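To keep things clear, I will list the structure first and then write my remarks on it.
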Amino acid sequence: MVSFSQPAIASSDELLFGRSPRPLTTRSGMVLGGGTVYPELNFTLPTMTVEPATLDQIDEHYRQIIQDATRRAAELHAPGLIVEFETVPPMTEHPDWGMRVVDILIDGLEKARDKDGLKSVLRVTPNDNREFVRPPQMRSGRYWDAMVELFERAAAAGTELLSIESVGGKEVHDDALQMCDVGQVIFALCVLGERDMRFLWTQIHAITERHGVHCAGDTACGFANTAMVLAEQKMIPRVFAAVDRAISAVRSLVAYECGAVGPGKDCGYENIVLKAITGFPMAHEGKSATCAHLSPVGNVAACACDTWSNESVQHLKLLGAMAPTCSLESLIYDCRLMNEALADGQPQARQLRDWLARSDAIHDPQAYILTPDSAVRLAKVITDAPDHYRAGKAVALESVALLREGLETDRLRIDERERPWLDTIEQAAADLPDDAEAFIAQQTPMVDPAKCDLGQYEL
Amino acid sequence: MKPIPDLTEAIKTGNRALATEATQRELDAGNSPQEILAALVAGMDDVGRRFKANEIFVPEVLIAARAMKEAMAILEPKLVEAGYEPLATAVIGTVQGDLHDIGKNLVAMMWKGAGFNVIDVGTNVPPERFVEAAKEHSAQVIGLSALLTTTMPAMKQTVDAVNAAELNGVKVVIGGAPITQSFADEIGADGFAPDAASAVDRVRDLVGV
């Protein structure tokens, strides 16, 4: 286990898109975090059933996606291309189905390299299907076996980057979100999530070691993104979603403690905090991911990106072209702008970054805590904490403090009806026990055994 | 129906102690279970209205729903004795292949608050399980949830299974992030709800309560 006892990036001046203290060089020569922001394309099927009878049709979708996308990337002189294949659940459940697509994508990328000299790298993200059993079975069983098999075979076939949107603790976090229960959120993310991540990423790391590839990173997609979407739908307060995001960084960090080297998964909006802590390159998504979901952080999410992603888009025909190709074009233009700013020098790049941050930060609490200035503060609090639980508690309190400061200095607007929640969250976090053992003893009786088997988490 | 203001207020504010105390008090005073239920539902209606108007958040709705649930635990045996039939019985679940349940849970909560009898069959539910549950509980409504575009076809399979089972007028309502009215029309669902609060109105419209 790697321990991050202090942030790799201590000053927000250095927390910038395209540059990471610990860049990653791919086999094709792309240097992620080495001074260039690369587009990262993700895509999915149109509405259709995934079953043996449709596999040929599915192959054809992916073949066309990669052919069209690589052609457009070459035409637009993209400096390189990251392709993420995030499976749909049946493709992880049946690794043979997932591998058909992996092979098609690798073949498509190799053809583009040979024909146009396009540099590229493939990220494969199997689904975490472990929760298909209720309560989730986290460390064995057919869903576990199939997931590990897909990781192994994808790495053996030439996939350089392995990621996952893991779900350990989600069964508790879902209910905690609906009640805005800070204690259960920290329990889900910093106790259950941390334990699951440690187990899972140790296994994934062993696979990458066997094949000479990389653990890229995880995301709090099933956690803080759920909170963000619920806040967008006015189901829960935006300030709660912002605090949940800050706490989620503690959980996502565990992948890097277990050997991940980036780029962190695109939908992990907490990645800016993780970049500050680890110094590894990170994927981000924002305004050019509206094809997948809405968010209040479209610009600020680009502040520290090393790859810039569209999250996902269905393979459908739009007026311009097929949707993945249109999506890629948007990403390439976004990257061109950031790369031009980088080419002009750090002050110019920082100016663009600051515009990206300020244009969002005033409008939403989550955007505010994801600015570079906020991120380095959260990173420091997390690395200063002696364990994951205390990091979760401390970062919850720090994020509330940040939000209050933003409000008091008119750099952040918070709706009147949301403001009492700052007191509620702060009080709830402050009242939590000081040590992890007492905290676990306090929280475990609140867990519904029908939904969560604590034995799966060594509790 | 005679108003019972403090009981209605107890639900609106999520005051569990007052909700149970007032429910017991009204029963002891000889008020009809239906009148007491009406006071509880009035409280939840107000909560639903404020939620729909973006005045309150889900946790506040859940706190009210918990107060209602505790009051109902006292009231339900009396309602059964009095031969009371729920306004509607609804089966709800996330369709096969899909594990997302927050949206489904929120709809279930809103339906319960509106006085419906709700049977939650969980996530990753095969079509035949929806049919079985609807038969078993004599449901008037089946609610289907999906978040993934690749599980939307399972909604059609479920609608087809419901139709094939000839469940005597059972209405199917669908919802979820990728779902639209046109998709509901395309697969033959009876209704579509874009959010949890609207799901109550949709069922009321469909079953006429």
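Convention: chains lettered A, B, ... in structure tokens order; per-chain residue numbering from 1; ligands numbered from 1 as shown.
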Q. Which residues of chain B are close to chain A, meaning at most 10 Å apart when you count only C-alpha atoms, and how do they look as a PyMOL selection string?
A. chain B and resi 51-63+97-103+105-106+122-124+148-154+177-178+195-196
Selected residues, N, CA and C atoms, written as a tab-separated table (two decimals), in the first residue's frame, please.
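Below is the file part.tsv, written as the result:
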chain	number	residue	atom	x	y	z
B	51	PHE	N	-42.99	19.33	-1.81
B	51	PHE	CA	-41.86	18.69	-2.49
B	51	PHE	C	-41.91	19.00	-3.99
B	52	LYS	N	-43.11	18.89	-4.54
B	52	LYS	CA	-43.28	19.14	-5.97
B	52	LYS	C	-42.96	20.60	-6.31
B	53	ALA	N	-43.24	21.48	-5.36
B	53	ALA	CA	-42.98	22.92	-5.56
B	53	ALA	C	-41.53	23.28	-5.21
B	54	ASN	N	-40.70	22.26	-4.95
B	54	ASN	CA	-39.29	22.48	-4.60
B	54	ASN	C	-39.11	23.31	-3.33
B	55	GLU	N	-40.04	23.15	-2.40
B	55	GLU	CA	-39.91	23.86	-1.13
B	55	GLU	C	-39.16	23.01	-0.10
B	56	ILE	N	-39.21	21.70	-0.24
B	56	ILE	CA	-38.52	20.81	0.69
B	56	ILE	C	-37.79	19.72	-0.10
B	57	PHE	N	-36.93	18.98	0.60
B	57	PHE	CA	-36.12	17.94	-0.04
B	57	PHE	C	-36.61	16.55	0.40
B	58	VAL	N	-36.05	15.55	-0.26
B	58	VAL	CA	-36.44	14.16	0.03
B	58	VAL	C	-36.31	13.80	1.51
B	59	PRO	N	-35.22	14.16	2.20
B	59	PRO	CA	-35.14	13.75	3.61
B	59	PRO	C	-36.34	14.24	4.42
B	60	GLU	N	-36.83	15.43	4.11
B	60	GLU	CA	-37.99	15.94	4.84
B	60	GLU	C	-39.24	15.13	4.49
B	61	VAL	N	-39.33	14.70	3.23
B	61	VAL	CA	-40.46	13.84	2.84
B	61	VAL	C	-40.36	12.50	3.57
B	62	LEU	N	-39.13	11.98	3.64
B	62	LEU	CA	-38.95	10.67	4.31
B	62	LEU	C	-39.27	10.74	5.79
B	63	ILE	N	-38.93	11.85	6.39
B	63	ILE	CA	-39.23	12.00	7.83
B	63	ILE	C	-40.74	12.03	8.03
B	97	GLY	N	-32.09	-6.80	-15.31
B	97	GLY	CA	-30.81	-6.32	-15.84
B	97	GLY	C	-30.39	-4.98	-15.28
B	98	ASP	N	-31.24	-4.36	-14.49
B	98	ASP	CA	-30.96	-3.01	-14.00
B	98	ASP	C	-31.02	-3.01	-12.47
B	99	LEU	N	-29.98	-2.44	-11.85
B	99	LEU	CA	-29.88	-2.48	-10.39
B	99	LEU	C	-30.19	-1.15	-9.73
B	100	HIS	N	-30.51	-0.16	-10.51
B	100	HIS	CA	-30.69	1.18	-9.94
B	100	HIS	C	-32.02	1.25	-9.18
B	101	ASP	N	-31.95	1.71	-7.96
B	101	ASP	CA	-33.20	1.66	-7.19
B	101	ASP	C	-33.58	2.95	-6.48
B	102	ILE	N	-32.76	3.99	-6.59
B	102	ILE	CA	-33.12	5.21	-5.86
B	102	ILE	C	-34.42	5.81	-6.42
B	103	GLY	N	-34.50	5.93	-7.72
B	103	GLY	CA	-35.71	6.49	-8.34
B	103	GLY	C	-36.93	5.67	-7.99
B	105	ASN	N	-37.31	3.76	-5.39
B	105	ASN	CA	-37.61	3.94	-3.96
B	105	ASN	C	-38.37	5.24	-3.70
B	106	LEU	N	-37.97	6.27	-4.43
B	106	LEU	CA	-38.64	7.57	-4.22
B	106	LEU	C	-40.10	7.51	-4.68
B	122	GLY	N	-38.30	-4.90	-5.70
B	122	GLY	CA	-36.85	-4.75	-5.75
B	122	GLY	C	-36.29	-4.39	-7.12
B	123	THR	N	-35.04	-4.78	-7.33
B	123	THR	CA	-34.35	-4.46	-8.58
B	123	THR	C	-34.08	-5.75	-9.37
B	124	ASN	N	-33.68	-5.55	-10.64
B	124	ASN	CA	-33.34	-6.69	-11.50
B	124	ASN	C	-34.50	-7.70	-11.51
B	148	LEU	N	-30.84	2.36	-17.43
B	148	LEU	CA	-29.92	2.08	-18.53
B	148	LEU	C	-30.66	1.96	-19.85
B	149	THR	N	-30.05	2.48	-20.90
B	149	THR	CA	-30.68	2.34	-22.21
B	149	THR	C	-30.75	0.88	-22.62
B	150	THR	N	-29.80	0.09	-22.13
B	150	THR	CA	-29.79	-1.32	-22.51
B	150	THR	C	-30.80	-2.15	-21.72
B	151	THR	N	-31.43	-1.55	-20.71
B	151	THR	CA	-32.49	-2.30	-20.01
B	151	THR	C	-33.88	-1.78	-20.37
B	152	MET	N	-33.93	-0.77	-21.20
B	152	MET	CA	-35.25	-0.30	-21.64
B	152	MET	C	-36.04	-1.40	-22.36
B	153	PRO	N	-35.37	-2.25	-23.17
B	153	PRO	CA	-36.15	-3.33	-23.79
B	153	PRO	C	-36.84	-4.24	-22.77
B	154	ALA	N	-36.26	-4.36	-21.58
B	154	ALA	CA	-36.90	-5.19	-20.54
B	154	ALA	C	-38.24	-4.59	-20.11
B	177	ALA	N	-34.43	7.78	-15.99
B	177	ALA	CA	-33.73	8.84	-16.73
B	177	ALA	C	-33.87	8.76	-18.25
B	178	PRO	N	-33.72	7.59	-18.88
B	178	PRO	CA	-33.78	7.60	-20.35
B	178	PRO	C	-35.20	7.47	-20.90
B	195	ASP	N	-41.01	12.23	-12.97
B	195	ASP	CA	-40.37	12.33	-11.65
B	195	ASP	C	-41.27	11.71	-10.60
B	196	ALA	N	-40.72	11.58	-9.39
B	196	ALA	CA	-41.43	10.85	-8.33
B	196	ALA	C	-42.74	11.53	-7.93
### Task
Pick out the residues sitting within 10 Å of A:Ile66, and hand them over as a PyMOL selection string; count only C-alpha atoms, and ignore anything fewer than 3 positions along from it in its own chain.
chain A and resi 41+43+61-63+69-72+83+104-109+112+324-325
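Residue nearest A:Arg130, chosen from A:Asp410, A:Phe85, A:Thr36, A:Gln456 and counting only C-alpha atoms: A:Gln456.
Of the residues in chain B, those given strand (DSSP E) by DSSP on the backbone are B:Thr89, B:Ala90, B:Val91, B:Ile92, B:Gly93, B:Thr94, B:Asn117, B:Val118, B:Ile119, B:Asp120, B:Val141, B:Ile142, B:Gly143, B:Leu144, B:Ser145, B:Lys171, B:Val172, B:Val173, B:Ile174, B:Gly175, B:Gly191, B:Phe192.
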Could you pull the residues within 10 Å of B:Thr158, counting only C-alpha atoms, minus those fewer than 6 positions along the same chain, as a PyMOL selection string? chain B and resi 95-96+125-131+142+144+164+172+187+189
**Message:** Among stretch 38-134 of chain B, which ones does DSSP assign to helix (DSSP H, G or I) (computed from the backbone)? Answer as a count of residues only.
**Reply:** 59
Spatial neighbours of A:Phe240, max dist 8 Å, only C-alpha atoms, sep filter under 2 positions, as a PDB file with C-alpha atoms, in the first residue's frame:
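Ended up saving to out_7.pdb:
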ATOM      1  CA  CYS A 180     -28.806  13.134   3.975  1.00  0.00           C
ATOM      2  CA  ALA A 227     -25.811  12.696  -5.098  1.00  0.00           C
ATOM      3  CA  ILE A 236     -31.443  16.634  -1.931  1.00  0.00           C
ATOM      4  CA  PRO A 237     -29.616  19.897  -1.141  1.00  0.00           C
ATOM      5  CA  ARG A 238     -26.768  20.867  -3.434  1.00  0.00           C
ATOM      6  CA  ALA A 242     -20.935  18.952  -2.516  1.00  0.00           C
ATOM      7  CA  VAL A 243     -19.933  17.579   0.871  1.00  0.00           C
ATOM      8  CA  ASP A 244     -20.583  14.042  -0.346  1.00  0.00           C
ATOM      9  CA  TRP A 421     -28.328  22.430   5.808  1.00  0.00           C
ATOM     10  CA  ILE A 425     -24.246  18.790   8.079  1.00  0.00           C
TER      11      ILE A 425
END
Surrounding residues of B:Thr13 excluding itself and chain neighbours under 2 positions, 12 Å, only C-alpha atoms, as a count of residues only: 28
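Considering the residues A:Gly320, A:Pro79, A:Gly158, A:Gly406 and counting only C-alpha atoms, A:Val124 has its shortest atom-to-atom contact with A:Gly158.
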Using only C-alpha atoms, tabulate the residues of stretch 93-170 of chain B lying at most 12 Å from any atom of stretch 71-80 of chain B, each with its closest atom pair and that distance in Å to one decimal, by chain and increasing residue number, as CSV.
residue,atom,partner,partner_atom,distance
B:Lys112,CA,B:Met72,CA,10.7
B:Gly113,CA,B:Met72,CA,10.7
B:Gly115,CA,B:Met72,CA,10.1
B:Asn117,CA,B:Glu76,CA,11.3
Practice item. Extract, using only C-alpha atoms, all DNA, RNA and protein residues at most 7 Å from stretch 437-449 of chain A, discarding same-chain residues fewer than 3 positions from it, and format them as a count of residues only. Key: 7
Could you give me, as a PyMOL selection string, the residues within 8 Å of B:Ala199, counting only C-alpha atoms and dropping anything in the same chain fewer than 4 positions from it? chain B and resi 107+110-111+192-195+203
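Distance check against A:Leu15 using only C-alpha atoms: of A:Asp360, A:Asp373, A:Glu311, A:Asp415, the minimum falls on A:Asp373.
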